[in-house]
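One file, model.cif, carrying mmCIF, C-alpha atoms and all ligand atoms:
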data_start
loop_
_atom_site.label_atom_id
_atom_site.label_comp_id
_atom_site.auth_asym_id
_atom_site.auth_seq_id
_atom_site.Cartn_x
_atom_site.Cartn_y
_atom_site.Cartn_z
CA MET P 1 -42.17 -61.85 -131.21
CA ALA P 2 -41.84 -61.59 -127.46
CA GLU P 3 -44.87 -60.94 -125.30
CA GLU P 4 -45.54 -57.41 -124.06
CA ASN P 5 -43.34 -57.20 -120.99
CA GLY P 6 -41.82 -54.12 -119.34
CA TRP P 7 -39.53 -52.85 -122.08
CA LEU P 8 -41.99 -53.46 -124.91
CA ARG P 9 -44.57 -51.41 -123.07
CA ARG P 10 -42.01 -48.67 -122.57
CA VAL P 11 -41.28 -48.60 -126.32
CA ARG P 12 -45.00 -48.32 -127.04
CA ALA P 13 -45.43 -45.51 -124.52
CA LEU P 14 -42.49 -43.57 -125.99
CA ALA P 15 -43.83 -44.11 -129.52
CA ARG P 16 -47.30 -42.96 -128.51
CA ARG P 17 -45.90 -39.67 -127.20
CA GLY P 18 -43.69 -39.25 -130.26
CA ASP P 19 -40.70 -39.47 -127.89
CA LEU P 20 -38.75 -42.38 -129.37
CA PRO P 21 -35.13 -41.26 -129.08
CA HIS P 22 -32.84 -41.27 -132.10
CA ALA P 23 -30.09 -43.18 -130.30
CA VAL P 24 -30.87 -46.18 -128.13
CA ILE P 25 -28.84 -48.75 -126.27
CA LEU P 26 -30.74 -52.00 -125.91
CA SER P 27 -28.90 -53.44 -122.95
CA GLY P 28 -29.26 -57.05 -121.91
CA ALA P 29 -29.84 -57.88 -125.58
CA GLY P 30 -28.79 -61.06 -127.30
CA SER P 31 -27.01 -60.60 -130.61
CA ASP P 32 -29.87 -61.84 -132.80
CA ALA P 33 -31.24 -58.29 -133.15
CA SER P 34 -34.84 -59.51 -132.79
CA GLN P 35 -35.54 -57.01 -130.05
CA ALA P 36 -34.03 -54.27 -132.18
CA GLN P 37 -36.53 -55.20 -134.88
CA TYR P 38 -39.41 -54.38 -132.61
CA LEU P 39 -37.90 -50.98 -131.90
CA CYS P 40 -37.28 -50.38 -135.62
CA ALA P 41 -40.92 -51.23 -136.30
CA ALA P 42 -41.98 -48.70 -133.66
CA MET P 43 -39.83 -46.05 -135.38
CA LEU P 44 -41.12 -46.77 -138.90
CA CYS P 45 -44.73 -47.87 -138.29
CA THR P 46 -47.29 -45.70 -140.07
CA GLU P 47 -50.23 -46.48 -137.77
CA GLN P 48 -51.33 -44.72 -134.60
CA ASP P 49 -50.45 -47.46 -132.11
CA LYS P 50 -46.78 -48.09 -132.91
CA PRO P 51 -45.64 -50.74 -133.66
CA CYS P 52 -48.93 -52.09 -135.01
CA LEU P 53 -47.02 -55.09 -136.44
CA HIS P 54 -49.34 -55.36 -139.43
CA CYS P 55 -48.91 -52.23 -141.58
CA ALA P 56 -46.66 -52.49 -144.64
CA ALA P 57 -43.75 -50.80 -142.83
CA CYS P 58 -43.97 -53.10 -139.79
CA ARG P 59 -44.21 -56.18 -141.98
CA LYS P 60 -41.15 -55.17 -143.98
CA VAL P 61 -39.16 -54.52 -140.81
CA LEU P 62 -40.15 -57.85 -139.28
CA GLY P 63 -39.40 -59.60 -142.57
CA GLY P 64 -35.93 -58.05 -142.57
CA ILE P 65 -36.53 -56.29 -145.91
CA HIS P 66 -37.22 -52.67 -144.97
CA PRO P 67 -34.85 -50.52 -147.05
CA ASP P 68 -34.41 -47.99 -144.24
CA VAL P 69 -33.14 -50.49 -141.69
CA CYS P 70 -29.41 -51.15 -142.03
CA ILE P 71 -27.94 -53.95 -139.96
CA ALA P 72 -24.27 -53.18 -139.37
CA ASP P 73 -22.69 -56.47 -138.47
CA ASP P 74 -19.87 -58.73 -139.50
CA PRO P 75 -20.29 -62.03 -137.66
CA ASP P 76 -17.13 -63.48 -139.21
CA HIS P 77 -14.86 -60.95 -137.57
CA LYS P 78 -14.18 -59.83 -134.05
CA GLU P 79 -14.51 -56.20 -135.01
CA LEU P 80 -16.38 -54.34 -137.73
CA SER P 81 -14.24 -53.48 -140.74
CA MET P 82 -13.19 -49.95 -141.62
CA ASP P 83 -15.07 -50.32 -144.93
CA LEU P 84 -18.29 -51.12 -143.14
CA MET P 85 -17.88 -48.15 -140.81
CA ARG P 86 -17.15 -45.89 -143.77
CA SER P 87 -20.28 -47.04 -145.56
CA VAL P 88 -22.39 -46.45 -142.43
CA ARG P 89 -21.02 -42.94 -142.21
CA GLN P 90 -21.79 -42.19 -145.85
CA ASP P 91 -25.15 -43.90 -145.81
CA ALA P 92 -26.33 -41.89 -142.81
CA TYR P 93 -26.35 -38.77 -144.98
CA ILE P 94 -28.51 -40.33 -147.69
CA ARG P 95 -32.19 -39.69 -147.03
CA PRO P 96 -34.45 -42.64 -146.14
CA ASN P 97 -36.08 -44.47 -149.04
CA GLU P 98 -39.62 -44.62 -147.75
CA GLY P 99 -39.73 -44.27 -143.98
CA ALA P 100 -39.52 -41.28 -141.66
CA ARG P 101 -36.21 -42.55 -140.34
CA LYS P 102 -33.15 -44.36 -141.47
CA ILE P 103 -32.06 -46.77 -138.79
CA PHE P 104 -28.65 -48.28 -138.19
CA VAL P 105 -28.67 -51.34 -135.98
CA PHE P 106 -25.52 -52.66 -134.35
CA PRO P 107 -26.55 -56.16 -133.24
CA ASP P 108 -23.41 -56.69 -131.18
CA SER P 109 -21.77 -53.60 -129.71
CA ALA P 110 -18.87 -55.74 -128.49
CA ARG P 111 -17.67 -55.62 -132.11
CA LEU P 112 -17.35 -51.83 -132.03
CA ASN P 113 -13.84 -50.81 -131.03
CA GLU P 114 -12.98 -47.40 -129.64
CA ARG P 115 -12.19 -45.94 -133.05
CA ASP P 116 -15.53 -47.14 -134.46
CA GLN P 117 -17.39 -45.70 -131.52
CA ASN P 118 -15.74 -42.33 -131.96
CA VAL P 119 -16.76 -42.31 -135.62
CA LEU P 120 -20.32 -43.16 -134.60
CA LEU P 121 -20.32 -40.59 -131.83
CA LYS P 122 -19.93 -37.84 -134.41
CA ILE P 123 -22.87 -39.09 -136.49
CA VAL P 124 -25.04 -39.69 -133.44
CA GLU P 125 -24.36 -36.11 -132.36
CA GLU P 126 -24.29 -34.24 -135.62
CA GLY P 127 -25.95 -36.55 -138.11
CA PRO P 128 -29.13 -35.67 -140.01
CA PRO P 129 -32.35 -35.60 -137.96
CA TYR P 130 -33.78 -38.71 -139.65
CA ALA P 131 -30.81 -40.94 -138.74
CA ALA P 132 -31.40 -43.31 -135.82
CA PHE P 133 -29.05 -45.72 -134.09
CA ILE P 134 -29.70 -48.84 -132.08
CA PHE P 135 -26.84 -50.41 -130.15
CA CYS P 136 -27.53 -53.90 -128.85
CA ALA P 137 -25.25 -54.85 -125.99
CA VAL P 138 -25.10 -57.43 -123.24
CA SER P 139 -24.19 -54.47 -121.03
CA ALA P 140 -24.21 -50.74 -121.77
CA ALA P 141 -20.71 -50.66 -120.24
CA LEU P 142 -19.39 -52.03 -123.57
CA LEU P 143 -19.91 -48.58 -125.03
CA LEU P 144 -17.78 -45.53 -124.32
CA PRO P 145 -19.21 -43.13 -121.71
CA THR P 146 -19.38 -40.42 -124.40
CA VAL P 147 -21.57 -42.65 -126.57
CA ARG P 148 -23.69 -43.78 -123.60
CA SER P 149 -24.40 -40.24 -122.51
CA ARG P 150 -25.96 -39.47 -125.90
CA CYS P 151 -28.17 -42.52 -125.95
CA VAL P 152 -31.27 -43.54 -124.07
CA GLU P 153 -30.81 -46.94 -122.50
CA ILE P 154 -33.63 -49.43 -122.68
CA ASN P 155 -32.81 -52.31 -120.40
CA LEU P 156 -34.43 -55.50 -121.62
CA ARG P 157 -33.96 -57.22 -118.30
CA LEU P 158 -35.59 -54.58 -116.19
CA PRO P 159 -38.02 -56.34 -113.88
CA GLU P 160 -41.74 -55.83 -114.28
CA GLY P 161 -42.96 -52.63 -112.65
CA ALA P 162 -39.42 -51.26 -112.22
CA PHE P 163 -38.81 -47.56 -111.98
CA VAL P 164 -37.90 -46.01 -115.32
CA PRO P 165 -37.33 -42.26 -115.25
CA GLN P 166 -39.47 -40.32 -117.66
CA GLU P 167 -37.59 -39.03 -120.67
CA ASP P 168 -37.63 -35.39 -119.50
CA ALA P 169 -35.97 -36.41 -116.23
CA ALA P 170 -33.32 -38.49 -117.98
CA ALA P 171 -32.67 -35.59 -120.37
CA LEU P 172 -32.32 -33.21 -117.43
CA CYS P 173 -29.77 -35.56 -115.81
CA ARG P 174 -27.84 -35.76 -119.05
CA VAL P 175 -27.64 -31.97 -119.21
CA LEU P 176 -26.49 -31.81 -115.58
CA LEU P 177 -23.68 -34.19 -116.53
CA LYS P 178 -22.37 -31.64 -119.01
CA GLU P 179 -21.72 -29.19 -116.16
CA ASP P 180 -22.54 -26.39 -118.55
CA ALA P 181 -24.72 -23.60 -117.18
CA VAL P 182 -25.74 -22.41 -120.66
CA ALA P 183 -26.92 -25.88 -121.70
CA LEU P 184 -28.83 -26.25 -118.45
CA SER P 185 -30.46 -22.88 -118.82
CA GLU P 186 -31.55 -23.76 -122.38
CA ARG P 187 -33.04 -27.01 -121.17
CA LEU P 188 -34.90 -25.29 -118.35
CA VAL P 189 -36.20 -22.56 -120.66
CA SER P 190 -37.53 -25.24 -123.01
CA LEU P 191 -39.31 -26.88 -120.06
CA GLU P 192 -40.75 -23.53 -119.04
CA ASN P 193 -41.95 -22.83 -122.58
CA ARG P 194 -43.98 -26.01 -122.51
CA ARG P 195 -46.10 -24.46 -119.75
CA LEU P 196 -46.04 -27.60 -117.64
CA LYS P 197 -48.37 -27.88 -114.70
CA ARG P 198 -46.68 -27.79 -111.30
CA GLU P 199 -47.45 -31.48 -110.80
CA GLU P 200 -45.81 -32.36 -114.12
CA LEU P 201 -42.66 -30.44 -113.25
CA GLN P 202 -42.64 -32.04 -109.82
CA SER P 203 -42.80 -35.50 -111.28
CA ILE P 204 -39.87 -34.73 -113.64
CA LEU P 205 -37.79 -33.35 -110.74
CA ARG P 206 -38.63 -36.33 -108.54
CA ASP P 207 -37.60 -38.79 -111.24
CA ALA P 208 -34.32 -36.88 -111.72
CA TRP P 209 -33.86 -36.92 -107.95
CA ARG P 210 -34.33 -40.66 -107.90
CA VAL P 211 -31.81 -41.26 -110.69
CA CYS P 212 -29.23 -39.21 -108.76
CA ALA P 213 -30.08 -40.99 -105.51
CA GLU P 214 -29.50 -44.33 -107.23
CA ALA P 215 -26.18 -42.98 -108.54
CA LEU P 216 -25.17 -42.11 -104.99
CA LEU P 217 -26.06 -45.61 -103.78
CA LEU P 218 -23.96 -46.96 -106.62
CA ARG P 219 -21.05 -44.78 -105.52
CA CYS P 220 -21.47 -46.10 -102.01
CA GLY P 221 -21.09 -49.66 -103.23
CA LYS P 222 -24.60 -50.85 -104.08
CA PRO P 223 -23.83 -53.33 -106.87
CA ASP P 224 -26.35 -52.48 -109.56
CA PRO P 225 -28.98 -49.80 -110.00
CA ALA P 226 -31.39 -52.41 -111.31
CA GLN P 227 -34.39 -50.24 -110.64
CA THR P 228 -33.46 -47.43 -112.94
CA SER P 229 -31.62 -46.28 -116.03
CA GLN P 230 -28.30 -48.06 -115.51
CA ALA P 231 -26.04 -46.29 -117.96
CA LEU P 232 -27.14 -42.89 -116.75
CA CYS P 233 -26.64 -43.84 -113.08
CA HIS P 234 -23.14 -45.15 -113.74
CA GLU P 235 -22.31 -41.98 -115.63
CA ILE P 236 -23.51 -39.73 -112.84
CA SER P 237 -21.78 -41.75 -110.14
CA ARG P 238 -18.51 -41.51 -112.03
CA GLN P 239 -18.71 -37.83 -112.75
CA PHE P 240 -19.63 -36.39 -109.36
CA ASP P 241 -17.97 -37.08 -106.05
CA ARG P 242 -20.10 -37.87 -103.01
CA VAL P 243 -20.23 -34.33 -101.69
CA ARG P 244 -21.45 -32.84 -104.96
CA LEU P 245 -23.82 -35.69 -105.56
CA ASN P 246 -25.31 -35.14 -102.13
CA ARG P 247 -25.76 -31.43 -102.85
CA LEU P 248 -27.34 -32.17 -106.21
CA ILE P 249 -29.79 -34.64 -104.66
CA GLU P 250 -30.69 -32.09 -102.00
CA LEU P 251 -31.20 -29.40 -104.66
CA LEU P 252 -33.50 -31.61 -106.77
CA ARG P 253 -35.46 -32.64 -103.68
CA ARG P 254 -35.89 -29.04 -102.58
CA CYS P 255 -37.05 -27.90 -106.03
CA GLY P 256 -39.42 -30.86 -106.27
CA ASP P 257 -40.89 -30.02 -102.87
CA GLU P 258 -41.36 -26.38 -103.85
CA CYS P 259 -43.88 -27.50 -106.44
CA ASP P 260 -46.18 -28.38 -103.53
CA TYR P 261 -46.65 -24.67 -102.89
CA ASN P 262 -48.44 -22.12 -104.94
CA VAL P 263 -45.42 -21.01 -106.97
CA GLY P 264 -44.97 -20.66 -110.71
CA THR P 265 -42.94 -23.33 -112.51
CA GLY P 266 -40.65 -20.54 -113.77
CA HIS P 267 -39.80 -19.74 -110.17
CA VAL P 268 -38.89 -23.37 -109.42
CA LEU P 269 -36.79 -23.68 -112.57
CA GLY P 270 -35.02 -20.43 -111.70
CA ALA P 271 -34.23 -21.79 -108.23
CA LEU P 272 -32.84 -24.96 -109.82
CA LEU P 273 -30.56 -22.97 -112.11
CA ALA P 274 -29.35 -20.71 -109.27
CA GLY P 275 -28.81 -23.71 -106.98
CA TRP P 276 -26.84 -25.54 -109.66
CA ASP P 277 -24.72 -22.46 -110.30
CA ASP P 278 -23.99 -22.23 -106.59
CA LEU P 279 -23.19 -25.93 -106.39
CA CYS P 280 -20.70 -25.69 -109.27
CA ARG P 281 -18.98 -22.70 -107.71
CA LYS P 282 -18.45 -24.55 -104.45
CA GLY P 283 -16.60 -27.18 -106.53
ZN ZN X 1 -47.14 -50.68 -138.17
#

Would you encode the structure as structure tokens?
Amino acid sequence: MAEENGWLRRVRALARRGDLPHAVILSGAGSDASQAQYLCAAMLCTEQDKPCLHCAACRKVLGGIHPDVCIADDPDHKELSMDLMRSVRQDAYIRPNEGARKIFVFPDSARLNERDQNVLLKIVEEGPPYAAFIFCAVSAALLLPTVRSRCVEINLRLPEGAFVPQEDAAALCRVLLKEDAVALSERLVSLENRRLKREELQSILRDAWRVCAEALLLRCGKPDPAQTSQALCHEISRQFDRVRLNRLIELLRRCGDECDYNVGTGHVLGALLAGWDDLCRKG
């Protein structure tokens, strides 16, 4: 098992908060699925500090014998067979045997063709709440944008101490990508209902700002947003032109700054929604 470097710590932090996403791209991964095992252990571990690596669930995962971890691979063929994809689809609707989740690991996403990915997209989106998916890929770019936008990317090669947006900020960016005012308003209402402190909201908005700023740099020709969530940055830089991206960055900065003053978080979130509405209308 690898030592606790950047991404392992991130997995632990997400697990501690109960925030492990149900669909993950492990980018920069080799095809031996060993890193995916660690993530599976974090999802199925029954102890407080996940993955503890010594409870029964962790030991089964690491031994490759946990019944709720399904490795979907076919090393003898370039692409996964239709039969295998069909069985994944059926299996996803059968409840886990003993764990809280049923996890499907794709050790080499290069073997997933477009048709396979579209099948998976439907299960990732609409599958049962216990189903989880881990896509290992040399680069997240091997997966369709539609799949990428529904996954959280964990980059195994992210340098130590690199900026990783907090999950709420990444989720906010993903909603902005939908360009759907209703979805954004729902997201903002759910943030408001959590009664965040102003400082917490500010830190979410500043992370989202930074992701969008990286996307703009990418659009302007910076080769790789190595300091942040790569798949998300690429997605944003493709979707918005420079003018809109600039306006979005300005809006996030302004809303983040507003949190410095004695205003309610509801007020700031309202300003974000109104600003976004305005931005979309300007086209
Ligand atoms: Zn454990």

| request: Using all atoms listed in the file, determine which residues lie at most 12 Å from Val243 of chain P, disregarding the query and same-chain residues fewer than 4 positions distant; provide the list as a list in words. | output: Leu216, Arg219, Cys220, Ser237, Gln239, Arg247, Leu248, Ile249, Glu250, Leu279, Cys280, Lys282 and Gly283 of chain P

| Nearest residue to ligand ZN 1 (chain X) from the set P:Leu53, P:Cys173, P:Val268, P:Ala36 (distances using only C-alpha atoms and all ligand atoms) | P:Leu53

Once you count only C-alpha atoms, what closest atom pair and distance in Å to one decimal does each residue of segment 93-161 of chain P within 9 Å of segment 58-67 of chain P have, with rows by chain and rising residue number, as a tab-separated table?
residue	atom	partner	partner_atom	distance
P:Pro96	CA	P:Pro67	CA	7.9
P:Asn97	CA	P:Pro67	CA	6.5
P:Glu98	CA	P:Pro67	CA	7.6
P:Gly99	CA	P:Pro67	CA	8.5
P:Lys102	CA	P:Pro67	CA	8.5

Go ahead and write the residues just picked, C-alpha atoms, as a PDB file, in the frame of the given file.
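To be explicit, this is the file written out as again_25.pdb:
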ATOM      1  CA  PRO P  96     -34.450 -42.640-146.140  1.00  0.00           C
ATOM      2  CA  ASN P  97     -36.080 -44.470-149.040  1.00  0.00           C
ATOM      3  CA  GLU P  98     -39.620 -44.620-147.750  1.00  0.00           C
ATOM      4  CA  GLY P  99     -39.730 -44.270-143.980  1.00  0.00           C
ATOM      5  CA  LYS P 102     -33.150 -44.360-141.470  1.00  0.00           C
TER       6      LYS P 102
END

| said: Quick check, in Å to one decimal: how far apart do atom CA of His22 of chain P and atom CA of Arg198 of chain P lie? | reply: 28.4 Å

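Take the candidates P:Ala57, P:Leu176, P:Val152, P:Ala23 and check each one against ligand ZN 1 (chain X) using all atoms listed in the file; the shortest distance goes to P:Ala57.
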
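Considering the residues P:Leu218, P:Ala42, P:Ala100, P:Leu14 and counting all atoms listed in the file, ligand ZN 1 (chain X) has its shortest atom-to-atom contact with P:Ala42.
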
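Of the residues under consideration (P:Glu126, P:Asp241, P:Asp108, P:Glu114), P:Asp108 shows the shortest atom-to-atom contact distance to Val138 of chain P when counting all atoms listed in the file.
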
| query | Can you tell me, as a PyMOL selection string, what residues are no more than 12 Å from segment 162-167 of chain P when counting only C-alpha atoms, ignoring any on the same chain fewer than 4 positions away? | reply | chain P and resi 5-7+9-11+13-15+17-21+151-158+171-174+200-212+214+225-230+232-233

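Proximity of P:Val263, P:Ala231, P:Ile134, P:Ala56 to Gln35 of chain P, computed with only C-alpha atoms, is greatest for P:Ile134.
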
Which residues of chain P come within 6 Å of ligand ZN 1 (chain X), and for each one, what is the closest pair of atoms and their distance in Å to one decimal, counting all atoms listed in the file, sorted by chain and residue number, as CSV?
residue,atom,partner,partner_atom,distance
P:Cys45,CA,X:ZN1,ZN,3.7
P:Thr46,CA,X:ZN1,ZN,5.3
P:Glu47,CA,X:ZN1,ZN,5.2
P:Lys50,CA,X:ZN1,ZN,5.9
P:Pro51,CA,X:ZN1,ZN,4.8
P:Cys52,CA,X:ZN1,ZN,3.9
P:Leu53,CA,X:ZN1,ZN,4.7
P:His54,CA,X:ZN1,ZN,5.3
P:Cys55,CA,X:ZN1,ZN,4.1
P:Ala57,CA,X:ZN1,ZN,5.8
P:Cys58,CA,X:ZN1,ZN,4.3

| message | Counting only C-alpha atoms, which residues sit no farther than 10 Å from the position (-25.0, -55.5, -126.5) in the file's frame? I'd like them as JSON, numbers by chain. | response | {"P": [25, 26, 27, 28, 29, 30, 31, 33, 106, 107, 108, 109, 110, 111, 134, 135, 136, 137, 138, 139, 140, 141, 142, 143]}

Store the residues of this selection in a file with C-alpha atoms, as a CSV table (one decimal), in the frame of the given file.
chain,number,residue,atom,x,y,z
P,25,ILE,CA,-28.8,-48.8,-126.3
P,26,LEU,CA,-30.7,-52.0,-125.9
P,27,SER,CA,-28.9,-53.4,-123.0
P,28,GLY,CA,-29.3,-57.0,-121.9
P,29,ALA,CA,-29.8,-57.9,-125.6
P,30,GLY,CA,-28.8,-61.1,-127.3
P,31,SER,CA,-27.0,-60.6,-130.6
P,33,ALA,CA,-31.2,-58.3,-133.2
P,106,PHE,CA,-25.5,-52.7,-134.4
P,107,PRO,CA,-26.6,-56.2,-133.2
P,108,ASP,CA,-23.4,-56.7,-131.2
P,109,SER,CA,-21.8,-53.6,-129.7
P,110,ALA,CA,-18.9,-55.7,-128.5
P,111,ARG,CA,-17.7,-55.6,-132.1
P,134,ILE,CA,-29.7,-48.8,-132.1
P,135,PHE,CA,-26.8,-50.4,-130.2
P,136,CYS,CA,-27.5,-53.9,-128.8
P,137,ALA,CA,-25.2,-54.8,-126.0
P,138,VAL,CA,-25.1,-57.4,-123.2
P,139,SER,CA,-24.2,-54.5,-121.0
P,140,ALA,CA,-24.2,-50.7,-121.8
P,141,ALA,CA,-20.7,-50.7,-120.2
P,142,LEU,CA,-19.4,-52.0,-123.6
P,143,LEU,CA,-19.9,-48.6,-125.0
